[in-house]
>>> print(open('protein_36.txt').read())   # compact mmCIF, C-alpha atoms
# COMPACT_ATOMS: atom_id res chain seq x y z
CA MET A 1 84.83 61.09 77.86
CA ARG A 2 85.23 57.35 78.40
CA LYS A 3 83.80 55.18 75.66
CA GLU A 4 80.94 52.78 76.45
CA THR A 5 81.00 49.30 74.94
CA ILE A 6 77.81 47.54 73.85
CA VAL A 7 78.40 43.83 73.27
CA ILE A 8 76.01 41.86 71.06
CA ILE A 9 76.47 38.19 71.87
CA ASP A 10 77.35 36.04 68.87
CA TYR A 11 76.26 32.47 69.58
CA GLY A 12 75.34 31.30 66.10
CA SER A 13 71.77 32.53 66.25
CA GLY A 14 70.22 35.84 65.48
CA ASN A 15 70.16 38.77 63.17
CA LEU A 16 73.54 40.00 64.37
CA ARG A 17 74.41 42.38 61.55
CA SER A 18 70.97 43.99 61.49
CA ALA A 19 71.02 44.44 65.27
CA ALA A 20 74.53 45.93 65.16
CA LYS A 21 73.58 48.31 62.34
CA ALA A 22 70.52 49.49 64.26
CA PHE A 23 72.60 50.24 67.36
CA GLU A 24 75.24 51.98 65.25
CA HIS A 25 72.49 54.20 63.85
CA VAL A 26 71.39 55.45 67.30
CA ALA A 27 74.72 55.39 69.21
CA ASP A 28 76.92 58.43 69.63
CA THR A 29 80.65 58.66 68.91
CA ASN A 30 81.52 57.60 72.46
CA THR A 31 79.82 54.22 72.04
CA VAL A 32 81.52 51.13 70.66
CA ILE A 33 79.23 48.44 69.20
CA LYS A 34 80.93 45.05 69.36
CA THR A 35 79.76 41.59 68.26
CA SER A 36 81.53 38.88 70.24
CA ASN A 37 81.46 35.28 71.46
CA ASP A 38 84.23 35.90 74.01
CA PRO A 39 83.04 35.60 77.63
CA GLU A 40 85.66 38.15 78.70
CA ASP A 41 84.03 40.76 76.46
CA ILE A 42 80.73 40.04 78.21
CA ARG A 43 82.30 40.60 81.62
CA ASN A 44 83.75 43.93 80.52
CA ALA A 45 80.71 45.22 78.61
CA ASN A 46 78.79 48.30 79.68
CA ARG A 47 75.63 46.91 78.08
CA ILE A 48 74.79 43.44 76.75
CA VAL A 49 72.41 42.45 73.95
CA LEU A 50 71.26 38.87 73.27
CA PRO A 51 69.52 38.57 69.88
CA GLY A 52 67.92 35.36 68.70
CA GLN A 53 66.20 33.61 65.82
CA GLY A 54 65.04 30.02 65.58
CA ALA A 55 63.97 27.49 68.21
CA PHE A 56 64.42 27.89 71.97
CA ARG A 57 66.27 24.58 72.39
CA ASP A 58 68.70 25.23 69.51
CA CYS A 59 69.49 28.72 70.76
CA MET A 60 70.01 27.60 74.36
CA GLU A 61 72.27 24.76 73.26
CA ASN A 62 74.30 27.13 71.09
CA LEU A 63 74.71 29.54 74.00
CA SER A 64 75.65 26.74 76.40
CA SER A 65 78.22 25.34 73.97
CA ILE A 66 80.44 28.42 74.30
CA ASP A 67 82.78 27.63 77.18
CA GLY A 68 82.25 30.07 80.05
CA MET A 69 79.60 32.16 78.29
CA ILE A 70 76.67 31.60 80.65
CA ASP A 71 78.90 32.04 83.69
CA ALA A 72 80.11 35.35 82.24
CA MET A 73 76.53 36.45 81.54
CA ASN A 74 75.43 35.58 85.07
CA GLU A 75 78.40 37.45 86.53
CA ALA A 76 77.85 40.56 84.42
CA VAL A 77 74.05 40.78 84.53
CA LEU A 78 73.07 39.22 87.85
CA ASN A 79 76.10 40.14 89.97
CA LYS A 80 77.34 43.41 88.44
CA GLY A 81 73.97 44.73 87.25
CA THR A 82 75.03 45.37 83.65
CA PRO A 83 72.01 46.53 81.59
CA PHE A 84 70.79 43.65 79.42
CA LEU A 85 68.44 43.45 76.44
CA GLY A 86 67.12 40.17 75.01
CA ILE A 87 65.49 40.29 71.56
CA CYS A 88 62.94 37.71 70.28
CA VAL A 89 64.34 34.28 71.23
CA GLY A 90 66.93 36.20 73.24
CA MET A 91 64.01 37.35 75.37
CA GLN A 92 62.55 33.85 75.60
CA LEU A 93 65.84 32.43 76.88
CA LEU A 94 65.34 34.51 80.04
CA ALA A 95 62.67 32.00 81.09
CA THR A 96 63.00 29.07 83.46
CA HIS A 97 62.40 26.69 80.56
CA GLY A 98 60.95 26.47 77.07
CA LEU A 99 58.74 23.82 75.49
CA GLU A 100 59.82 24.16 71.86
CA HIS A 101 61.16 20.78 70.60
CA GLY A 102 60.74 19.35 74.09
CA LYS A 103 61.29 20.89 77.50
CA CYS A 104 64.61 22.71 77.79
CA SER A 105 66.05 24.79 80.64
CA GLY A 106 66.62 28.49 80.03
CA LEU A 107 68.65 31.11 81.88
CA ASN A 108 65.96 31.37 84.60
CA TRP A 109 66.53 35.11 85.06
CA ILE A 110 62.78 35.80 84.90
CA GLU A 111 60.57 33.01 86.17
CA GLY A 112 58.24 31.52 83.58
CA GLU A 113 58.00 29.20 80.61
CA VAL A 114 57.96 29.64 76.85
CA VAL A 115 54.83 28.01 75.39
CA PRO A 116 53.20 27.76 71.94
CA LEU A 117 51.07 30.66 70.79
CA ASP A 118 47.40 29.69 71.03
CA PRO A 119 45.24 32.56 69.71
CA ASN A 120 41.52 32.41 70.45
CA ASP A 121 40.77 33.33 66.83
CA SER A 122 41.20 30.33 64.50
CA THR A 123 41.77 32.62 61.49
CA LEU A 124 45.03 33.92 62.95
CA LYS A 125 48.06 32.16 61.54
CA ILE A 126 51.07 30.74 63.36
CA PRO A 127 53.72 32.06 63.33
CA HIS A 128 52.55 35.49 64.34
CA MET A 129 54.24 37.56 61.68
CA GLY A 130 53.61 41.26 61.20
CA TRP A 131 53.03 44.62 62.83
CA ASN A 132 51.37 45.14 66.23
CA ASP A 133 51.02 48.02 68.63
CA LEU A 134 51.70 47.67 72.33
CA ARG A 135 49.40 47.99 75.30
CA TYR A 136 50.94 49.17 78.54
CA ARG A 137 50.04 48.19 82.07
CA ALA A 138 47.52 50.70 83.41
CA ASP A 139 48.58 50.00 87.00
CA LYS A 140 52.29 50.65 86.42
CA ASP A 141 54.42 53.59 85.36
CA LYS A 142 55.97 53.25 81.92
CA HIS A 143 59.43 51.75 81.91
CA PHE A 144 62.22 54.17 81.00
CA VAL A 145 62.81 52.56 77.59
CA LEU A 146 59.13 53.15 76.74
CA ARG A 147 58.88 56.68 78.07
CA ASN A 148 58.46 58.38 74.66
CA ILE A 149 56.74 55.52 72.82
CA ASP A 150 52.95 55.71 72.67
CA SER A 151 50.37 53.03 71.98
CA SER A 152 49.87 54.09 68.36
CA GLU A 153 53.38 52.98 67.38
CA ASN A 154 53.85 49.57 65.75
CA PHE A 155 56.57 46.95 66.08
CA TYR A 156 57.42 43.93 63.94
CA PHE A 157 56.84 40.45 65.39
CA VAL A 158 57.89 37.02 64.07
CA HIS A 159 57.32 34.15 66.52
CA SER A 160 55.40 30.95 67.20
CA PHE A 161 55.99 30.76 70.97
CA MET A 162 55.47 33.26 73.77
CA PHE A 163 56.78 33.95 77.27
CA LYS A 164 54.29 32.85 79.94
CA TYR A 165 55.60 34.74 82.97
CA LYS A 166 54.89 33.69 86.55
CA ASN A 167 55.13 37.10 88.24
CA ASP A 168 52.69 39.66 86.85
CA ASN A 169 55.07 42.48 87.77
CA ASN A 170 57.53 41.23 85.14
CA CYS A 171 55.19 42.10 82.26
CA LEU A 172 55.72 45.66 81.01
CA ALA A 173 53.71 45.59 77.77
CA VAL A 174 51.56 43.21 75.75
CA ALA A 175 50.44 42.84 72.14
CA ASP A 176 47.08 41.50 71.02
CA TYR A 177 47.10 38.41 68.82
CA GLY A 178 43.94 36.50 69.62
CA GLY A 179 44.59 37.31 73.26
CA GLU A 180 47.36 38.96 75.22
CA VAL A 181 50.90 38.16 74.14
CA PRO A 182 53.72 39.41 76.38
CA ALA A 183 55.70 41.87 74.26
CA ILE A 184 58.12 43.28 76.86
CA ILE A 185 59.19 41.70 80.12
CA GLY A 186 61.73 42.84 82.65
CA ARG A 187 63.06 43.26 86.13
CA ASP A 188 65.88 45.31 87.62
CA ASN A 189 68.56 45.69 84.91
CA ILE A 190 67.06 43.03 82.61
CA LEU A 191 64.73 43.63 79.65
CA GLY A 192 63.34 41.26 77.05
CA ILE A 193 61.35 42.22 73.95
CA GLN A 194 59.48 39.73 71.78
CA PHE A 195 59.47 41.89 68.64
CA HIS A 196 62.41 42.93 66.46
CA PRO A 197 63.35 46.58 67.07
CA GLU A 198 65.94 46.41 64.27
CA LYS A 199 63.04 45.71 61.85
CA SER A 200 60.62 48.20 63.40
CA HIS A 201 61.78 51.40 61.70
CA LYS A 202 61.69 54.62 63.72
CA SER A 203 59.85 53.15 66.70
CA GLY A 204 62.38 50.35 67.06
CA LEU A 205 65.32 52.74 66.79
CA LYS A 206 63.73 54.95 69.42
CA LEU A 207 63.51 52.00 71.82
CA LEU A 208 67.14 51.02 71.20
CA SER A 209 68.22 54.62 71.79
CA ASN A 210 66.32 54.59 75.08
CA PHE A 211 68.09 51.37 76.07
CA LEU A 212 71.46 53.10 75.54
CA ASP A 213 70.34 55.93 77.86
CA TRP A 214 68.89 53.63 80.53
CA THR A 215 70.67 53.55 83.89
CA PRO A 216 68.83 50.95 86.03
>>> encode(input="protein_36.txt", output="structure tokens")
Amino acid sequence: MRKETIVIIDYGSGNLRSAAKAFEHVADTNTVIKTSNDPEDIRNANRIVLPGQGAFRDCMENLSSIDGMIDAMNEAVLNKGTPFLGICVGMQLLATHGLEHGKCSGLNWIEGEVVPLDPNDSTLKIPHMGWNDLRYRADKDKHFVLRNIDSSENFYFVHSFMFKYKNDNNCLAVADYGGEVPAIIGRDNILGIQFHPEKSHKSGLKLLSNFLDWTP
């Protein structure tokens, strides 16, 4: 059987080792987990993961500073349809632009902007840090990666900004933190999750395993 290569993009931001270890835990022996900053690896990947920690602007500048990286990502994900998963700031970079540390252009793969969290409960602290369950769209079928994850399961969030999507169809699940916070967004072969699956114990591993089985 031909081996499948999962490439986790190394652009100087993100919990790379934790993400790699989580994928190694759920992958089978025919899957290669590779951390790389080489655009050619992105072009040849079977699946692509973009982690992220820190500020939108810093992460986008780091990604842009790697010669040919964004072109390779666009070619693989938008043109070839390679399954893609963005985690935390890696999800936020899918937006048209972000407002953290001033307005900054994103990848613009899913239309929207990344704005400060503004909970309607003044007792809630920023950043949003801790465990939350997910609420799924009642008017939509569950996405494949969520097929065996129910609303009682919790995931670990750490963020001060959120993805304000333009198209309602791009929102697959929300969390409640003084109002709705987009937790999972997606379209076609692209998924973004605001929480950290690598820090979310069994539920997070289950989601990553589902991503490896997903054939959009």
>>> closest_atom_pairs(input="protein_36.txt", of="region 140-193 of chain A", to="region 88-112 of chain A", cutoff="8 Å", atoms="only C-alpha atoms", output="CSV")
residue,atom,partner,partner_atom,distance
A:His159,CA,A:Cys88,CA,7.6
A:Phe161,CA,A:Glu100,CA,7.7
A:Met162,CA,A:Gln92,CA,7.3
A:Phe163,CA,A:Gln92,CA,6.0
A:Lys164,CA,A:Gly112,CA,5.5
A:Tyr165,CA,A:Gly112,CA,4.2
A:Lys166,CA,A:Gly112,CA,5.0
A:Asn167,CA,A:Glu111,CA,7.1
A:Asn170,CA,A:Ile110,CA,7.6
A:Gly186,CA,A:Ile110,CA,7.5
A:Arg187,CA,A:Ile110,CA,7.6
A:Leu191,CA,A:Met91,CA,7.6
A:Gly192,CA,A:Met91,CA,4.3
A:Ile193,CA,A:Met91,CA,5.7
>>> write_last_selection(input="protein_36.txt", atoms="C-alpha atoms", output="CSV table (one decimal), in the coordinates of the input")
chain,number,residue,atom,x,y,z
A,159,HIS,CA,57.3,34.2,66.5
A,161,PHE,CA,56.0,30.8,71.0
A,162,MET,CA,55.5,33.3,73.8
A,163,PHE,CA,56.8,34.0,77.3
A,164,LYS,CA,54.3,32.8,79.9
A,165,TYR,CA,55.6,34.7,83.0
A,166,LYS,CA,54.9,33.7,86.6
A,167,ASN,CA,55.1,37.1,88.2
A,170,ASN,CA,57.5,41.2,85.1
A,186,GLY,CA,61.7,42.8,82.6
A,187,ARG,CA,63.1,43.3,86.1
A,191,LEU,CA,64.7,43.6,79.6
A,192,GLY,CA,63.3,41.3,77.0
A,193,ILE,CA,61.4,42.2,74.0
>>> atom_distance(input="protein_36.txt", atom1="CA of Asp150 (chain A)", atom2="CA of Phe211 (chain A)")
16.1 Å
>>> closest_residue(input="protein_36.txt", among="A:Gly52, A:Asp28, A:Arg57, A:Arg137", to="Gly12 (chain A)", atoms="all atoms listed in the file")
A:Gly52
>>> closest_residue(input="protein_36.txt", among="A:Phe23, A:Phe144, A:Phe56, A:Trp131", to="Thr215 (chain A)", atoms="only C-alpha atoms")
A:Phe144
>>> residues_around(input="protein_36.txt", residues="Asp38 (chain A)", least_positions_apart="4", cutoff="10 Å", atoms="all atoms listed in the file", output="PyMOL selection string")
chain A and resi 7+9-11+42-43+66-69+72
>>> residues_around(input="protein_36.txt", residues="Arg17 (chain A)", least_positions_apart="6", cutoff="10 Å", atoms="all atoms listed in the file", output="PyMOL selection string")
chain A and resi 8+23+35+198
>>> residues_around(input="protein_36.txt", residues="region 75-82 of chain A", least_positions_apart="6", cutoff="8 Å", atoms="only C-alpha atoms", output="number ranges by chain")
A: 42-48, 189-190
>>> closest_residue(input="protein_36.txt", among="A:Ile184, A:Val114, A:Val49, A:Leu172", to="Phe157 (chain A)", atoms="only C-alpha atoms")
A:Ile184
>>> atom_distance(input="protein_36.txt", atom1="CA of Trp214 (chain A)", atom2="CA of Pro83 (chain A)")
7.8 Å
>>> atom_distance(input="protein_36.txt", atom1="CA of Glu153 (chain A)", atom2="CA of Lys202 (chain A)")
9.2 Å
>>> residues_around(input="protein_36.txt", residues="Thr31 (chain A)", least_positions_apart="3", cutoff="10 Å", atoms="only C-alpha atoms", output="ChimeraX atom specification")
/A:2-6,23-24,26-28,34,46,212
